[in-house]
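A.B. asks: Attaching a single structure in structure tokens format; questions to follow.
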Amino acid sequence: MDASPSNCEPKADYLLSDCPEGCLEGVKDAITPSNSPTTLNIFLTHHHADHTAGLDEVLEWAASRETLDVKVRTHANCPVSTTLPSSLDIESIVTHGHTEDHKCFYAPALNTLVSGDALFSMGCGRVFTGDMDAAYEGLQNLKAQVADDALVLCSHEYTASNGAFCLSLGEEFWGKDWAAVRERVEDVTKLRAQNLPTIGTSFKQEKLWNPFLRVDRAEFERIRKLKDSF
Ligand SMILES: [Zn+2]
């Protein structure tokens, strides 16, 4: 994403969130060749290979471009708030549990949350650490900080299987929102049949149809364990 400011000092920031194998091609397509100082800010949500395996290739390519400065901000070293050269603020939100140091990244000015593997559409990431307290707290952190109308960009297209799990929880779990959840699952089925993405929802929508954002701590653990064997 190009967040270059319209001031007289030529400067452009590009944001890349996570760096899977083969992501260099997308980076090359996005970055317009320029003689002006340009920054590529790479934010890594966590260390898993499907989020980081393309990093070395991107760094190697970037090193050959004199005006391109690369900043890698990882889940482990990213401060609470980072202000990019274009004055865009990126907040990091602690969402441990999937890994012991997973972070989500939130740009209020762009109204966008990059949720990595902490939050998916209609679901959440597997708690590989076993730390259910941390996983639950992470989702509460998102609820405390992210605006309802923020765009949620997660890392995987798992919505169809997540939706099937949502239906398996039954009408009693969803109460008055049961019809809305069923409608979402129908929409997801149609989108996937056309090979279209289901990702790019609002946080408000996720608060409606994502079971993991609707439950208390005890219920979170119960349904997370159910999902593990679903
Ligand atoms: Zn992961």
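Identifiers in this document derive from the order of the structure tokens: chains are assigned A, B, ..., residues are numbered from 1 separately in each chain, and ligands are numbered from 1 in order of occurrence.
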Around ligand 1, at most 8 Å away and counting only C-alpha atoms and all ligand atoms, which residues are there? Put them as a ChimeraX atom specification, please.

C.D. replies: /A:46-51,98-99,116-117,125

A.B. asks: Excluding same-chain residues fewer than 5 positions from region 89-95 of chain A, what lies within 6 Å of it counting only C-alpha atoms, as a list in words?

C.D. replies: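 Contacts, with the query itself left out: Val80, Ser81, Thr82, Thr83, His102, Lys103, Cys104, Phe105, Tyr106, Ala107 and Gly138 of chain A.
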
A.B. asks: Quick one: residues within 12 Å of His156 (chain A), only C-alpha atoms counted, chain neighbours fewer than 3 positions away excluded, as a PyMOL selection string?

C.D. replies: chain A and resi 18+20+50-51+114-125+152-153+159-162+197-200

A.B. asks: Export, as a compact mmCIF listing (two decimals), in the first residue's frame, the selected residues with N, CA and C atoms.

C.D. replies:
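What ended up in part_23.txt:
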# COMPACT_ATOMS: atom_id res chain seq x y z
N ASP A 18 3.66 -9.22 6.55
CA ASP A 18 4.09 -10.61 6.39
C ASP A 18 4.68 -10.83 5.00
N PRO A 20 5.33 -14.07 2.82
CA PRO A 20 5.36 -15.49 2.50
C PRO A 20 6.27 -15.77 1.30
N ASP A 50 5.08 -19.69 6.79
CA ASP A 50 4.15 -19.21 5.75
C ASP A 50 3.91 -17.70 5.85
N HIS A 51 4.58 -17.05 6.81
CA HIS A 51 4.50 -15.59 6.93
C HIS A 51 5.85 -14.91 6.73
N VAL A 114 -4.54 -5.53 10.30
CA VAL A 114 -3.92 -6.73 9.75
C VAL A 114 -3.85 -7.73 10.91
N SER A 115 -4.62 -8.80 10.81
CA SER A 115 -4.79 -9.64 12.00
C SER A 115 -3.97 -10.93 11.97
N GLY A 116 -3.19 -11.14 10.92
CA GLY A 116 -2.30 -12.31 10.89
C GLY A 116 -3.06 -13.59 11.10
N ASP A 117 -2.56 -14.42 12.03
CA ASP A 117 -3.22 -15.68 12.35
C ASP A 117 -3.93 -15.62 13.70
N ALA A 118 -4.12 -14.41 14.23
CA ALA A 118 -4.81 -14.30 15.52
C ALA A 118 -6.32 -14.32 15.31
N LEU A 119 -6.77 -13.65 14.27
CA LEU A 119 -8.21 -13.55 14.02
C LEU A 119 -8.46 -13.81 12.54
N PHE A 120 -9.32 -14.78 12.26
CA PHE A 120 -9.74 -15.03 10.87
C PHE A 120 -11.19 -14.60 10.74
N SER A 121 -11.70 -14.59 9.52
CA SER A 121 -13.12 -14.34 9.39
C SER A 121 -13.88 -15.56 9.92
N MET A 122 -14.76 -15.33 10.87
CA MET A 122 -15.58 -16.34 11.54
C MET A 122 -14.74 -17.31 12.38
N GLY A 123 -13.50 -16.95 12.67
CA GLY A 123 -12.70 -17.87 13.47
C GLY A 123 -11.47 -17.21 14.05
N CYS A 124 -10.63 -18.00 14.69
CA CYS A 124 -9.37 -17.48 15.21
C CYS A 124 -8.30 -18.54 15.03
N GLY A 125 -7.05 -18.16 15.23
CA GLY A 125 -5.94 -19.07 15.01
C GLY A 125 -5.86 -20.15 16.08
N VAL A 152 -10.88 -5.60 8.25
CA VAL A 152 -10.09 -6.68 8.84
C VAL A 152 -9.48 -7.52 7.72
N LEU A 153 -8.14 -7.53 7.69
CA LEU A 153 -7.43 -8.34 6.71
C LEU A 153 -6.69 -9.44 7.47
N THR A 159 -12.48 -19.21 5.75
CA THR A 159 -13.84 -18.84 6.17
C THR A 159 -14.86 -19.96 5.94
N ALA A 160 -14.70 -20.73 4.86
CA ALA A 160 -15.69 -21.78 4.60
C ALA A 160 -15.70 -22.82 5.73
N SER A 161 -14.51 -23.27 6.13
CA SER A 161 -14.49 -24.26 7.22
C SER A 161 -14.86 -23.61 8.54
N ASN A 162 -14.46 -22.37 8.74
CA ASN A 162 -14.88 -21.67 9.97
C ASN A 162 -16.39 -21.53 10.02
N PRO A 197 -12.69 -14.13 -2.89
CA PRO A 197 -12.30 -14.09 -1.48
C PRO A 197 -13.47 -13.72 -0.56
N THR A 198 -13.37 -14.18 0.68
CA THR A 198 -14.37 -13.82 1.70
C THR A 198 -13.76 -12.85 2.71
N ILE A 199 -12.51 -12.51 2.49
CA ILE A 199 -11.75 -11.70 3.45
C ILE A 199 -11.79 -10.24 3.03
N GLY A 200 -11.79 -9.39 4.06
CA GLY A 200 -11.99 -7.97 3.84
C GLY A 200 -13.35 -7.61 4.42

A.B. asks: From a DSSP pass on the backbone, collect the residues of region 128-169 of chain A flagged as strand (DSSP E) and hand them back as a list of chain:residue names.

C.D. replies: A:Leu151, A:Val152, A:Leu153, A:Cys154
